Each structure stands twice: as structure tokens, then as C-alpha cells.
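Note sheet for the following structure.
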Amino acid sequence: MYQLIEKYFFNLVSVFLHPIFVPFYAINILLFTYSQYVIFNQKSVLLFIALFFMVTVFLPALVLMLMYYFRLFSSFTIKTKEDRLAVSSVMLMFYFFLFFLLKNADFPAFIKIFLFALPFIVLALLILQWFYHTISIHMYALSSVIGMLIFYKLQMNVTAPFVCIFVICLAVGLTATARLISLSHNYKDVILGSVLGVFFSFFIFLIYQYL
């Protein structure tokens with residue numbers, strides 16, 4: 001009975017912390033960190049969040065379901081190299097679309113940096129998967145949020161609220177456990193995903209400072 005509950009719990013963790021949702025969680029953490037901007041721009045922020053969800057979650061999920069329906073990839077578990085590259089490519093396409101759609105919008109710097117970094121973080125993942133396709137996408141995505149928070153702390157002198165830091169660290173720990181318990185990945189996949197997620201995220205955010 002305990003093993004069954006454990007299995008369902010960690011399956012739910014993997015679903016709710018799926019990489020497709022992580023950018024949406026990340027932008028909300030960022031907006032919560034810059035709460036003063038949100039307070040004085042509530043309507044525009046709500047519209048932005050709605051658009052962000054549509055482009056980064058709803059539309060990619062719809063495309064992936066259609067791809068699965070037409071057997072363009074074999075399983076939602078995306079264990080093969082081809083499946084993983086296909087899923088990452090779909091996400092990358094929509095992230096670049098969002099960037100070009102909003103690049104001339106009148107947003108503050110902290111949002112523009114995020115919109116710039118997002119597609120390139122996924123592009124780095126796509127290249128990594130080409131050479132080592134079993135890297136944990138879950139861990140890469142969540143750890144990239146940590147890299148983002150480090151960047152905003154070191155380069156923009158903005159510290160995320162403690163609750164955000166606690167939640168993301170808890171999410172990383174639970175997800176790592178879930179990926180190992182479900183045998184979806186081994187320790188090497190999880191560690192590589194975590195380390196490279198932090199590194200590439202911070203590095204790509206940093207690049208924006210010199211453009």
C-alpha cells in the first residue's frame with residue numbers, strides 16, 4: 001500500500017513539475033519578486049500572463065498531443081532520442097515565437113531578459129540532448145530557474161522572496177527523487193541535468209547584459 005501511494009505521489013510530482021510548465025512557474029516567481037511592478041500594472045501583467053500561458057503551455061501541449069495522435073512520436077514518456085528532440089524542438093519553436101512577438105513591447109528590463117533567455121536555454125538543452133539524450137529534462141528545466149534567481153541576485157541585486165527560494169529548492173529535490181524512483185533516469189542523468197541547467201541558465205542570462 002505504501003509503495004502504491006509513493007508511486008502515485010511521485011508520478012504527480014513529475015506531471016505538475018513537467019518541463020512544459022516550468023517557464024510559466026518561473027515567470028510568476030519573477031513577477032512575485034518584482035511585486036511592486038505588478039501592483040502598479042495589474043491589468044497589463046494579467047494580459048501578459050494569459051498570453052504567456054497560451055504560448056508556452058497550451059499551444060505546445062496541443063501540438064504535442066496532435067503529434068502523438070498522428071504517431072509522430074512513440075510515447076508520452078519520450079524515452080527515445082528522436083522523441084526527446086522532437087518535444088524540445090516544439091517548445092523551442094514557441095519560445096522563439098513569444099520572444100519575437102514581444103521583443104518590441106514596452107516591458108521592463110527584467111521581463112525582456114527573461115523572454116530573451118528562455119528560447120536559448122532550451123536551444124542549449126536541444127544541443128545537449130543530441131550528444132547525451134538521456135539527460136533529465138525535468139531537472140534541467142527546474143535547475144535553470146535556480147540559475148535565473150542567481151543571475152538576478154548577482155547581476156541585478158534583486159533577491160527572490162524566501163518562499164520562492166524554498167519552493168523551487170523543494171521542487172528540485174522532489175523531482176530528482178521522482179525521476180530516480182520511477183527509474184526514468186539514473187543519478188548521472190539527474191546530476192548532469194541539474195548542474196547544466198544552472199550553468200547554461202545563468203550564462204545565457206548573463207549574455208544579455210553584453211548585447
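Every chain in the C-alpha cells has a letter given in the order shown (A, B, ...), and although residue numbers restart at 1 in each chain, ligands are simply numbered from 1 in the order shown.
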Subject >> Spatial neighbours of range 169-181 of chain A, 10 Å, only C-alpha atoms, chain gap at least 4 places, as an NGL selection string >> reply: :A and (6-7 or 9-18 or 136 or 138-143 or 145-146 or 163-165 or 185-187 or 189-191 or 193-194)
Proximity of range 39-111 of chain A to range 118-135 of chain A: per-residue shortest pair, 10 Å limit, only C-alpha atoms, as a tab-separated table:
```
residue	atom	partner	partner_atom	distance
A:Ile78	CA	A:Thr134	CA	9.9
A:Lys79	CA	A:Thr134	CA	7.5
A:Thr80	CA	A:His133	CA	7.8
A:Lys81	CA	A:His133	CA	5.4
A:Glu82	CA	A:His133	CA	8.8
A:Asp83	CA	A:His133	CA	9.8
A:Arg84	CA	A:His133	CA	7.3
A:Leu85	CA	A:Leu126	CA	6.4
A:Ala86	CA	A:Leu126	CA	9.2
A:Val87	CA	A:Leu126	CA	9.5
A:Ser88	CA	A:Leu126	CA	6.2
A:Ser89	CA	A:Leu126	CA	7.2
A:Met91	CA	A:Val122	CA	7.7
A:Leu92	CA	A:Pro119	CA	5.6
A:Met93	CA	A:Pro119	CA	8.0
A:Phe94	CA	A:Pro119	CA	8.3
A:Tyr95	CA	A:Pro119	CA	5.0
A:Phe96	CA	A:Pro119	CA	5.5
A:Phe97	CA	A:Pro119	CA	9.0
A:Leu98	CA	A:Pro119	CA	8.9
A:Phe99	CA	A:Pro119	CA	7.8
```
Grab the residues selected above and save them as an mmCIF file, in the first residue's frame with C-alpha atoms.
```cif
data_model
loop_
_atom_site.group_PDB
_atom_site.id
_atom_site.type_symbol
_atom_site.label_atom_id
_atom_site.label_comp_id
_atom_site.auth_asym_id
_atom_site.auth_seq_id
_atom_site.Cartn_x
_atom_site.Cartn_y
_atom_site.Cartn_z
ATOM 1 C CA ILE A 78 9.636 10.366 -24.506
ATOM 2 C CA LYS A 79 12.444 7.915 -23.827
ATOM 3 C CA THR A 80 13.971 7.754 -27.304
ATOM 4 C CA LYS A 81 16.397 10.349 -28.609
ATOM 5 C CA GLU A 82 14.102 11.257 -31.508
ATOM 6 C CA ASP A 83 11.087 11.786 -29.241
ATOM 7 C CA ARG A 84 13.029 13.952 -26.810
ATOM 8 C CA LEU A 85 14.470 16.090 -29.609
ATOM 9 C CA ALA A 86 11.003 16.472 -31.135
ATOM 10 C CA VAL A 87 9.445 17.640 -27.847
ATOM 11 C CA SER A 88 12.281 20.084 -27.148
ATOM 12 C CA SER A 89 12.033 21.434 -30.706
ATOM 13 C CA MET A 91 8.921 24.013 -27.076
ATOM 14 C CA LEU A 92 11.817 25.928 -28.657
ATOM 15 C CA MET A 93 9.663 26.983 -31.622
ATOM 16 C CA PHE A 94 7.001 28.531 -29.372
ATOM 17 C CA TYR A 95 9.554 30.209 -27.096
ATOM 18 C CA PHE A 96 11.206 31.913 -30.066
ATOM 19 C CA PHE A 97 7.770 32.894 -31.348
ATOM 20 C CA LEU A 98 6.978 34.524 -27.987
ATOM 21 C CA PHE A 99 10.307 36.346 -27.962
#
```
Original post:
What lies within 12 Å of Ala109 in chain A using only C-alpha atoms, ignoring chain neighbours under 6 positions off, as a PyMOL selection string?
Top reply: chain A and resi 30+34+37+103+115-116+152+156+205+208-209
**OP:** From chain A, collect each residue whose DSSP state is alpha helix (DSSP H) and return the set as a PyMOL selection string.
**Re:** chain A and resi 2-16+22-33+35-40+42-53+59-69+81-102+109-131+137-156+162-181+187-208
Those residues you just picked out, can you put them in a file as a short mmCIF file (atom, residue, chain, number, x, y, z; two decimals), in the first residue's frame with C-alpha atoms?
```
data_model
loop_
_atom_site.label_atom_id
_atom_site.label_comp_id
_atom_site.auth_asym_id
_atom_site.auth_seq_id
_atom_site.Cartn_x
_atom_site.Cartn_y
_atom_site.Cartn_z
CA TYR A 2 2.81 2.41 0.93
CA GLN A 3 4.66 1.67 -2.31
CA LEU A 4 1.50 2.34 -4.31
CA ILE A 5 0.94 5.71 -2.60
CA GLU A 6 4.61 6.58 -3.13
CA LYS A 7 4.35 5.70 -6.82
CA TYR A 8 1.25 7.85 -7.39
CA PHE A 9 2.70 10.76 -5.39
CA PHE A 10 5.94 10.92 -7.35
CA ASN A 11 4.09 10.44 -10.64
CA LEU A 12 2.04 13.51 -9.74
CA VAL A 13 5.25 15.38 -8.91
CA SER A 14 6.62 14.55 -12.37
CA VAL A 15 3.39 15.73 -14.02
CA PHE A 16 2.93 19.01 -12.12
CA VAL A 22 8.37 25.36 -15.65
CA PRO A 23 8.69 28.59 -17.70
CA PHE A 24 5.19 29.58 -16.54
CA TYR A 25 6.18 28.93 -12.92
CA ALA A 26 9.44 30.83 -13.46
CA ILE A 27 7.82 33.98 -14.85
CA ASN A 28 5.37 34.01 -11.94
CA ILE A 29 8.26 33.73 -9.48
CA LEU A 30 9.93 36.63 -11.26
CA LEU A 31 6.78 38.74 -11.13
CA PHE A 32 6.33 37.88 -7.46
CA THR A 33 9.91 39.02 -6.89
CA SER A 35 5.82 42.67 -6.89
CA GLN A 36 5.95 46.48 -6.96
CA TYR A 37 5.78 46.43 -10.76
CA VAL A 38 2.80 44.06 -10.64
CA ILE A 39 0.90 46.22 -8.14
CA PHE A 40 1.03 49.27 -10.43
CA GLN A 42 -2.08 44.70 -12.75
CA LYS A 43 -4.11 44.71 -15.96
CA SER A 44 -1.12 44.53 -18.29
CA VAL A 45 0.51 41.84 -16.14
CA LEU A 46 -2.64 39.69 -16.24
CA LEU A 47 -2.78 40.01 -20.03
CA PHE A 48 0.90 39.15 -20.27
CA ILE A 49 0.48 36.09 -18.04
CA ALA A 50 -2.51 34.90 -20.07
CA LEU A 51 -0.55 35.27 -23.32
CA PHE A 52 2.50 33.62 -21.79
CA PHE A 53 0.43 30.61 -20.66
CA LEU A 59 -0.27 25.61 -27.64
CA PRO A 60 2.84 23.40 -27.19
CA ALA A 61 0.75 20.83 -25.29
CA LEU A 62 -1.85 20.88 -28.07
CA VAL A 63 0.79 20.39 -30.76
CA LEU A 64 2.42 17.55 -28.81
CA MET A 65 -0.93 15.79 -28.36
CA LEU A 66 -1.56 16.08 -32.10
CA MET A 67 1.90 14.73 -32.82
CA TYR A 68 1.21 11.78 -30.54
CA TYR A 69 -2.20 11.23 -32.17
CA LYS A 81 16.40 10.35 -28.61
CA GLU A 82 14.10 11.26 -31.51
CA ASP A 83 11.09 11.79 -29.24
CA ARG A 84 13.03 13.95 -26.81
CA LEU A 85 14.47 16.09 -29.61
CA ALA A 86 11.00 16.47 -31.13
CA VAL A 87 9.45 17.64 -27.85
CA SER A 88 12.28 20.08 -27.15
CA SER A 89 12.03 21.43 -30.71
CA VAL A 90 8.31 22.14 -30.33
CA MET A 91 8.92 24.01 -27.08
CA LEU A 92 11.82 25.93 -28.66
CA MET A 93 9.66 26.98 -31.62
CA PHE A 94 7.00 28.53 -29.37
CA TYR A 95 9.55 30.21 -27.10
CA PHE A 96 11.21 31.91 -30.07
CA PHE A 97 7.77 32.89 -31.35
CA LEU A 98 6.98 34.52 -27.99
CA PHE A 99 10.31 36.35 -27.96
CA PHE A 100 9.83 37.85 -31.43
CA LEU A 101 6.18 38.61 -30.70
CA LEU A 102 7.00 40.65 -27.60
CA ALA A 109 14.21 45.02 -18.36
CA PHE A 110 13.64 42.09 -16.01
CA ILE A 111 10.91 40.68 -18.30
CA LYS A 112 12.82 41.37 -21.53
CA ILE A 113 15.84 39.49 -20.19
CA PHE A 114 13.64 36.51 -19.34
CA LEU A 115 11.99 36.47 -22.78
CA PHE A 116 15.43 36.58 -24.41
CA ALA A 117 16.95 33.85 -22.26
CA LEU A 118 14.09 31.34 -22.41
CA PRO A 119 14.48 30.07 -26.00
CA PHE A 120 18.27 29.96 -25.79
CA ILE A 121 18.16 27.90 -22.60
CA VAL A 122 16.04 25.35 -24.48
CA LEU A 123 18.32 25.58 -27.51
CA ALA A 124 21.25 24.64 -25.25
CA LEU A 125 19.19 21.68 -23.99
CA LEU A 126 18.45 20.60 -27.55
CA ILE A 127 22.17 20.58 -28.38
CA LEU A 128 22.97 18.68 -25.19
CA GLN A 129 20.34 16.05 -25.98
CA TRP A 130 21.86 15.49 -29.39
CA PHE A 131 25.03 14.21 -27.71
CA ILE A 137 14.82 17.47 -18.91
CA HIS A 138 12.85 17.84 -15.67
CA MET A 139 15.99 18.60 -13.70
CA TYR A 140 17.45 20.84 -16.40
CA ALA A 141 14.28 22.93 -16.52
CA LEU A 142 13.88 23.32 -12.76
CA SER A 143 17.57 23.97 -12.18
CA SER A 144 17.50 26.67 -14.85
CA VAL A 145 15.13 28.57 -12.54
CA ILE A 146 17.83 28.44 -9.86
CA GLY A 147 20.32 29.81 -12.39
CA MET A 148 17.85 32.60 -13.15
CA LEU A 149 17.49 33.52 -9.47
CA ILE A 150 21.28 33.54 -9.05
CA PHE A 151 21.59 35.90 -12.01
CA TYR A 152 19.01 38.34 -10.68
CA LYS A 153 20.71 38.30 -7.29
CA LEU A 154 24.29 38.77 -8.51
CA GLN A 155 23.74 41.00 -11.56
CA MET A 156 20.59 42.96 -10.71
CA PHE A 162 12.33 33.26 0.79
CA VAL A 163 9.12 31.38 -0.01
CA CYS A 164 10.06 31.28 -3.72
CA ILE A 165 13.56 30.01 -2.98
CA PHE A 166 12.17 27.39 -0.60
CA VAL A 167 9.54 26.21 -3.09
CA ILE A 168 11.97 25.88 -6.01
CA CYS A 169 14.52 24.01 -3.88
CA LEU A 170 11.76 21.69 -2.64
CA ALA A 171 10.58 21.18 -6.21
CA VAL A 172 14.11 20.28 -7.35
CA GLY A 173 14.51 17.76 -4.53
CA LEU A 174 11.11 16.14 -5.08
CA THR A 175 11.62 15.96 -8.84
CA ALA A 176 15.07 14.40 -8.54
CA THR A 177 13.61 11.78 -6.20
CA ALA A 178 10.67 11.18 -8.54
CA ARG A 179 12.90 10.67 -11.59
CA LEU A 180 15.06 8.18 -9.72
CA ILE A 181 12.23 6.25 -8.05
CA TYR A 187 21.99 9.53 -10.91
CA LYS A 188 24.21 10.70 -13.78
CA ASP A 189 21.23 11.95 -15.81
CA VAL A 190 19.79 13.80 -12.80
CA ILE A 191 23.08 15.38 -11.72
CA LEU A 192 24.00 16.44 -15.27
CA GLY A 193 20.56 17.94 -15.81
CA SER A 194 20.80 19.88 -12.55
CA VAL A 195 24.33 21.22 -13.00
CA LEU A 196 23.97 22.11 -16.67
CA GLY A 197 20.56 23.69 -16.08
CA VAL A 198 22.03 26.11 -13.53
CA PHE A 199 25.14 26.79 -15.62
CA PHE A 200 23.51 27.44 -19.01
CA SER A 201 20.66 29.45 -17.49
CA PHE A 202 23.00 31.80 -15.63
CA PHE A 203 25.36 32.06 -18.61
CA ILE A 204 22.59 32.87 -21.11
CA PHE A 205 21.01 35.46 -18.82
CA LEU A 206 24.48 36.97 -18.42
CA ILE A 207 24.97 37.24 -22.18
CA TYR A 208 22.02 39.64 -22.40
#
```
Original post:
Just how far from CA of Ala105 in chain A is CA of Met54 in chain A, in Å to one decimal?
Top reply: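 These atoms are spaced 17.3 Å apart.
Counting from CA of Ile20 in chain A, the distance to CA of Tyr210 in chain A is 28.6 Å.
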Original post:
What separation in Å, quoted to one decimal, exists between CA of Val57 in chain A and CA of Pro19 in chain A?
Top reply: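 According to the coordinates, CA of Val57 in chain A and CA of Pro19 in chain A are separated by 9.7 Å.
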